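Q: Structure file entry17.txt (compact mmCIF, N, CA and C atoms) is given on the next line.
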```txt
# COMPACT_ATOMS: atom_id res chain seq x y z
N MET A 63 41.06 63.13 -6.28
CA MET A 63 40.73 62.24 -5.19
C MET A 63 39.37 62.61 -4.63
N GLU A 64 38.55 61.61 -4.37
CA GLU A 64 37.27 61.86 -3.74
C GLU A 64 37.52 62.04 -2.25
N LYS A 65 37.48 63.26 -1.82
CA LYS A 65 37.70 63.51 -0.41
C LYS A 65 36.39 63.32 0.32
N GLN A 66 36.43 62.45 1.34
CA GLN A 66 35.22 62.28 2.12
C GLN A 66 34.99 63.54 2.91
N SER A 67 33.77 64.02 2.84
CA SER A 67 33.47 65.24 3.56
C SER A 67 33.37 64.96 5.05
N GLU A 68 33.52 66.01 5.80
CA GLU A 68 33.41 65.88 7.25
C GLU A 68 32.01 65.42 7.62
N PRO A 69 31.89 64.69 8.73
CA PRO A 69 30.55 64.26 9.14
C PRO A 69 29.70 65.46 9.52
N LYS A 70 28.42 65.31 9.39
CA LYS A 70 27.48 66.36 9.77
C LYS A 70 27.22 66.23 11.27
N TYR A 71 27.11 67.35 11.96
CA TYR A 71 26.81 67.38 13.39
C TYR A 71 25.40 67.92 13.60
N VAL A 72 24.67 67.33 14.54
CA VAL A 72 23.32 67.78 14.84
C VAL A 72 23.05 67.55 16.33
N SER A 73 22.33 68.48 16.94
CA SER A 73 21.99 68.33 18.36
C SER A 73 20.87 67.31 18.52
N LYS A 74 20.74 66.77 19.72
CA LYS A 74 19.67 65.80 19.99
C LYS A 74 18.30 66.39 19.70
N GLY A 75 18.10 67.64 20.08
CA GLY A 75 16.80 68.28 19.87
C GLY A 75 16.44 68.42 18.41
N VAL A 76 17.40 68.84 17.60
CA VAL A 76 17.15 68.98 16.16
C VAL A 76 16.95 67.61 15.53
N LEU A 77 17.73 66.63 15.95
CA LEU A 77 17.55 65.28 15.42
C LEU A 77 16.16 64.75 15.74
N LYS A 78 15.71 64.99 16.96
CA LYS A 78 14.38 64.51 17.36
C LYS A 78 13.30 65.10 16.45
N ALA A 79 13.43 66.36 16.13
CA ALA A 79 12.42 67.04 15.31
C ALA A 79 12.48 66.62 13.83
N HIS A 80 13.64 66.18 13.35
CA HIS A 80 13.82 65.89 11.92
C HIS A 80 14.46 64.52 11.68
N MET A 81 14.21 63.58 12.57
CA MET A 81 14.91 62.30 12.51
C MET A 81 14.75 61.58 11.17
N LEU A 82 13.55 61.48 10.68
CA LEU A 82 13.33 60.75 9.43
C LEU A 82 14.10 61.39 8.27
N GLU A 83 14.13 62.71 8.23
CA GLU A 83 14.89 63.40 7.18
C GLU A 83 16.38 63.07 7.26
N TYR A 84 16.92 63.08 8.47
CA TYR A 84 18.34 62.76 8.64
C TYR A 84 18.62 61.31 8.27
N PHE A 85 17.73 60.39 8.66
CA PHE A 85 17.93 58.99 8.32
C PHE A 85 17.93 58.79 6.80
N ARG A 86 17.02 59.45 6.12
CA ARG A 86 16.98 59.33 4.65
C ARG A 86 18.24 59.89 4.01
N GLU A 87 18.74 60.99 4.56
CA GLU A 87 19.98 61.58 4.03
C GLU A 87 21.15 60.62 4.23
N ILE A 88 21.23 59.99 5.39
CA ILE A 88 22.30 59.03 5.66
C ILE A 88 22.23 57.87 4.69
N GLU A 89 21.02 57.36 4.47
CA GLU A 89 20.85 56.26 3.52
C GLU A 89 21.24 56.68 2.10
N ARG A 90 20.87 57.88 1.72
CA ARG A 90 21.12 58.37 0.36
C ARG A 90 22.60 58.66 0.11
N THR A 91 23.24 59.30 1.07
CA THR A 91 24.62 59.75 0.86
C THR A 91 25.67 58.79 1.38
N GLY A 92 25.31 57.95 2.36
CA GLY A 92 26.29 57.06 2.96
C GLY A 92 27.19 57.75 3.97
N LYS A 93 26.88 59.00 4.29
CA LYS A 93 27.72 59.76 5.23
C LYS A 93 27.23 59.58 6.66
N GLU A 94 28.15 59.69 7.59
CA GLU A 94 27.78 59.53 8.99
C GLU A 94 27.25 60.82 9.58
N LEU A 95 26.55 60.68 10.70
CA LEU A 95 25.97 61.81 11.41
C LEU A 95 26.41 61.73 12.86
N ILE A 96 26.94 62.82 13.38
CA ILE A 96 27.36 62.89 14.78
C ILE A 96 26.28 63.64 15.55
N VAL A 97 25.80 63.04 16.62
CA VAL A 97 24.76 63.65 17.45
C VAL A 97 25.44 64.24 18.68
N THR A 98 25.06 65.48 19.00
CA THR A 98 25.68 66.18 20.13
C THR A 98 24.68 66.42 21.25
N ASP A 99 25.22 66.55 22.44
CA ASP A 99 24.44 66.91 23.62
C ASP A 99 25.20 68.05 24.29
N HIS A 100 24.65 69.23 24.28
CA HIS A 100 25.32 70.43 24.79
C HIS A 100 26.68 70.61 24.10
N ARG A 101 26.67 70.45 22.77
CA ARG A 101 27.83 70.63 21.89
C ARG A 101 28.91 69.56 22.05
N LYS A 102 28.65 68.54 22.82
CA LYS A 102 29.60 67.45 23.01
C LYS A 102 29.13 66.25 22.19
N PRO A 103 29.97 65.70 21.30
CA PRO A 103 29.57 64.53 20.52
C PRO A 103 29.29 63.34 21.44
N VAL A 104 28.13 62.72 21.25
CA VAL A 104 27.76 61.59 22.11
C VAL A 104 27.38 60.34 21.32
N LEU A 105 26.97 60.49 20.06
CA LEU A 105 26.55 59.35 19.24
C LEU A 105 27.04 59.53 17.81
N LYS A 106 27.26 58.40 17.14
CA LYS A 106 27.57 58.43 15.72
C LYS A 106 26.58 57.50 15.02
N ILE A 107 25.90 58.01 14.02
CA ILE A 107 24.95 57.22 13.25
C ILE A 107 25.57 57.00 11.87
N ILE A 108 25.72 55.73 11.49
CA ILE A 108 26.32 55.39 10.20
C ILE A 108 25.40 54.42 9.47
N PRO A 109 25.46 54.42 8.15
CA PRO A 109 24.65 53.46 7.40
C PRO A 109 25.25 52.06 7.53
N LEU A 110 24.41 51.04 7.48
CA LEU A 110 24.91 49.68 7.55
C LEU A 110 25.72 49.31 6.32
N GLU A 111 25.26 49.73 5.16
CA GLU A 111 25.96 49.43 3.92
C GLU A 111 26.33 50.74 3.24
N ARG A 112 27.61 50.93 3.05
CA ARG A 112 28.05 52.13 2.33
C ARG A 112 27.96 51.85 0.84
N LYS A 113 27.82 52.91 0.09
CA LYS A 113 27.79 52.76 -1.36
C LYS A 113 29.15 52.24 -1.83
N ALA A 114 29.12 51.44 -2.86
CA ALA A 114 30.35 50.86 -3.40
C ALA A 114 31.27 51.97 -3.89
N GLN A 115 32.54 51.84 -3.54
CA GLN A 115 33.54 52.80 -3.99
C GLN A 115 34.27 52.23 -5.19
N SER A 116 34.69 53.10 -6.07
CA SER A 116 35.47 52.65 -7.21
C SER A 116 36.88 52.30 -6.75
N THR A 117 37.53 51.43 -7.49
CA THR A 117 38.91 51.07 -7.19
C THR A 117 39.78 52.32 -7.21
N GLU A 118 39.52 53.19 -8.16
CA GLU A 118 40.29 54.44 -8.27
C GLU A 118 40.18 55.27 -6.99
N SER A 119 38.98 55.42 -6.45
CA SER A 119 38.81 56.25 -5.25
C SER A 119 39.46 55.62 -4.03
N ILE A 120 39.54 54.30 -4.00
CA ILE A 120 40.16 53.61 -2.86
C ILE A 120 41.67 53.79 -2.88
N PHE A 121 42.30 53.63 -4.04
CA PHE A 121 43.76 53.63 -4.13
C PHE A 121 44.38 54.97 -4.48
N LYS A 122 43.60 55.93 -4.91
CA LYS A 122 44.14 57.22 -5.34
C LYS A 122 44.99 57.91 -4.25
N PRO A 123 44.62 57.87 -2.97
CA PRO A 123 45.46 58.53 -1.96
C PRO A 123 46.87 57.95 -1.85
N TYR A 124 47.07 56.73 -2.33
CA TYR A 124 48.37 56.07 -2.21
C TYR A 124 49.24 56.23 -3.44
N ARG A 125 48.68 56.76 -4.51
CA ARG A 125 49.47 56.94 -5.73
C ARG A 125 50.64 57.89 -5.45
N LYS A 126 51.77 57.53 -6.00
CA LYS A 126 53.02 58.29 -5.86
C LYS A 126 53.56 58.26 -4.43
N ARG A 127 52.99 57.45 -3.57
CA ARG A 127 53.50 57.32 -2.21
C ARG A 127 54.13 55.94 -1.99
N ILE A 128 53.86 55.01 -2.90
CA ILE A 128 54.38 53.66 -2.79
C ILE A 128 55.55 53.52 -3.75
N VAL A 129 56.65 52.96 -3.25
CA VAL A 129 57.85 52.79 -4.07
C VAL A 129 58.03 51.30 -4.34
N TYR A 130 58.12 50.94 -5.61
CA TYR A 130 58.36 49.56 -6.01
C TYR A 130 59.86 49.40 -6.26
N ARG A 131 60.48 48.43 -5.62
CA ARG A 131 61.92 48.21 -5.78
C ARG A 131 62.23 47.36 -7.01
N GLU A 132 61.23 46.63 -7.49
CA GLU A 132 61.40 45.80 -8.67
C GLU A 132 60.06 45.67 -9.37
N ASP A 133 60.06 45.00 -10.50
CA ASP A 133 58.83 44.81 -11.25
C ASP A 133 57.89 43.93 -10.43
N ILE A 134 56.74 44.47 -10.07
CA ILE A 134 55.82 43.72 -9.20
C ILE A 134 55.10 42.60 -9.93
N THR A 135 55.26 42.53 -11.25
CA THR A 135 54.61 41.45 -12.00
C THR A 135 55.53 40.25 -12.19
N THR A 136 56.78 40.34 -11.71
CA THR A 136 57.72 39.23 -11.82
C THR A 136 57.25 38.07 -10.95
N PRO A 137 57.24 36.84 -11.51
CA PRO A 137 56.84 35.69 -10.70
C PRO A 137 57.74 35.52 -9.48
N THR A 138 57.18 35.06 -8.40
CA THR A 138 57.94 34.90 -7.16
C THR A 138 58.10 33.44 -6.76
N THR A 139 57.84 32.52 -7.69
CA THR A 139 57.91 31.10 -7.34
C THR A 139 59.31 30.68 -6.93
N ASP A 140 60.36 31.32 -7.47
CA ASP A 140 61.72 30.96 -7.08
C ASP A 140 61.95 31.20 -5.59
N GLU A 141 61.34 32.22 -5.05
CA GLU A 141 61.50 32.52 -3.63
C GLU A 141 60.91 31.42 -2.77
N TRP A 142 59.85 30.80 -3.25
CA TRP A 142 59.15 29.80 -2.46
C TRP A 142 59.66 28.38 -2.73
N GLY A 143 60.38 28.22 -3.80
CA GLY A 143 60.79 26.87 -4.17
C GLY A 143 59.60 26.12 -4.71
N GLU A 144 59.71 24.84 -4.76
CA GLU A 144 58.59 24.05 -5.24
C GLU A 144 57.67 23.74 -4.08
N VAL A 145 56.45 24.14 -4.22
CA VAL A 145 55.47 23.94 -3.15
C VAL A 145 54.61 22.76 -3.47
```
Would you give me this structure, written as structure tokens?
A:
Amino acid sequence: MEKQSEPKYVSKGVLKAHMLEYFREIERTGKELIVTDHRKPVLKIIPLERKAQSTESIFKPYRKRIVYREDITTPTTDEWGEV
């Protein structure tokens, strides 16, 4: 499973000094950045578009946790009648 890493934390002062570097990292990695003020989180910076995730990475956490009571490929038209 692709475990999303914890967000990176940075103080306002450090962000001010290295803002462009942090912005480029956010764009490159798609990870969020938490900005702190006196060690208290005050802002979250996230990319507008996250990198596309594979279907496998999206559904992998749910594997072996979902129980199917019957064949999920069975047509269900009988349940609905004629529509």
Q: From a DSSP pass on the backbone, collect the residues of chain A flagged as strand (DSSP E) and hand them back as a PyMOL selection string.
A: chain A and resi 70-73+95-99+102-107
Q: Taking all atoms listed in the file into account, which of A:Lys74, A:Val104, A:Glu111, A:Lys126 comes nearest A:Gly92?
A: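 Counting all atoms listed in the file, the residue closest to A:Gly92 is A:Glu111.
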Q: I want to know what sits within 8 Å of A:Glu89, based on all atoms listed in the file, with residues of the same chain fewer than 2 positions away left out; could you give that as a list in words?
A: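 Those residues are Glu83, Tyr84, Phe85, Arg86, Glu87, Thr91, Gly92, Lys93, Ile108, Pro109, Leu110, Glu111 and Lys113 of chain A.
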Q: Given the selection you just returned, output its residues as a file containing N, CA and C atoms, formatted as a short mmCIF file (atom, residue, chain, number, x, y, z; two decimals), in the frame of the given file.
A:
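Once everything was written out, this is again-v4.cif:
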```cif
data_model
loop_
_atom_site.label_atom_id
_atom_site.label_comp_id
_atom_site.auth_asym_id
_atom_site.auth_seq_id
_atom_site.Cartn_x
_atom_site.Cartn_y
_atom_site.Cartn_z
N GLU A 83 14.13 62.71 8.23
CA GLU A 83 14.89 63.40 7.18
C GLU A 83 16.38 63.07 7.26
N TYR A 84 16.92 63.08 8.47
CA TYR A 84 18.34 62.76 8.64
C TYR A 84 18.62 61.31 8.27
N PHE A 85 17.73 60.39 8.66
CA PHE A 85 17.93 58.99 8.32
C PHE A 85 17.93 58.79 6.80
N ARG A 86 17.02 59.45 6.12
CA ARG A 86 16.98 59.33 4.65
C ARG A 86 18.24 59.89 4.01
N GLU A 87 18.74 60.99 4.56
CA GLU A 87 19.98 61.58 4.03
C GLU A 87 21.15 60.62 4.23
N THR A 91 23.24 59.30 1.07
CA THR A 91 24.62 59.75 0.86
C THR A 91 25.67 58.79 1.38
N GLY A 92 25.31 57.95 2.36
CA GLY A 92 26.29 57.06 2.96
C GLY A 92 27.19 57.75 3.97
N LYS A 93 26.88 59.00 4.29
CA LYS A 93 27.72 59.76 5.23
C LYS A 93 27.23 59.58 6.66
N ILE A 108 25.72 55.73 11.49
CA ILE A 108 26.32 55.39 10.20
C ILE A 108 25.40 54.42 9.47
N PRO A 109 25.46 54.42 8.15
CA PRO A 109 24.65 53.46 7.40
C PRO A 109 25.25 52.06 7.53
N LEU A 110 24.41 51.04 7.48
CA LEU A 110 24.91 49.68 7.55
C LEU A 110 25.72 49.31 6.32
N GLU A 111 25.26 49.73 5.16
CA GLU A 111 25.96 49.43 3.92
C GLU A 111 26.33 50.74 3.24
N LYS A 113 27.82 52.91 0.09
CA LYS A 113 27.79 52.76 -1.36
C LYS A 113 29.15 52.24 -1.83
#
```
Q: Report, in Å with one decimal, the straight-line distance from atom CA of A:Lys70 to atom CA of A:Tyr124.
A: 26.2 Å
Q: Between atom CA of A:Ser116 and atom CA of A:Asp133, what distance in Å does the model show, to one decimal?
A: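 Pair atom CA of A:Ser116 / atom CA of A:Asp133 returns 25.0 Å.
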Q: Could you please determine the separation between atom C of A:Glu68 and atom C of A:Pro103 in Å, to one decimal place?
A: 14.2 Å
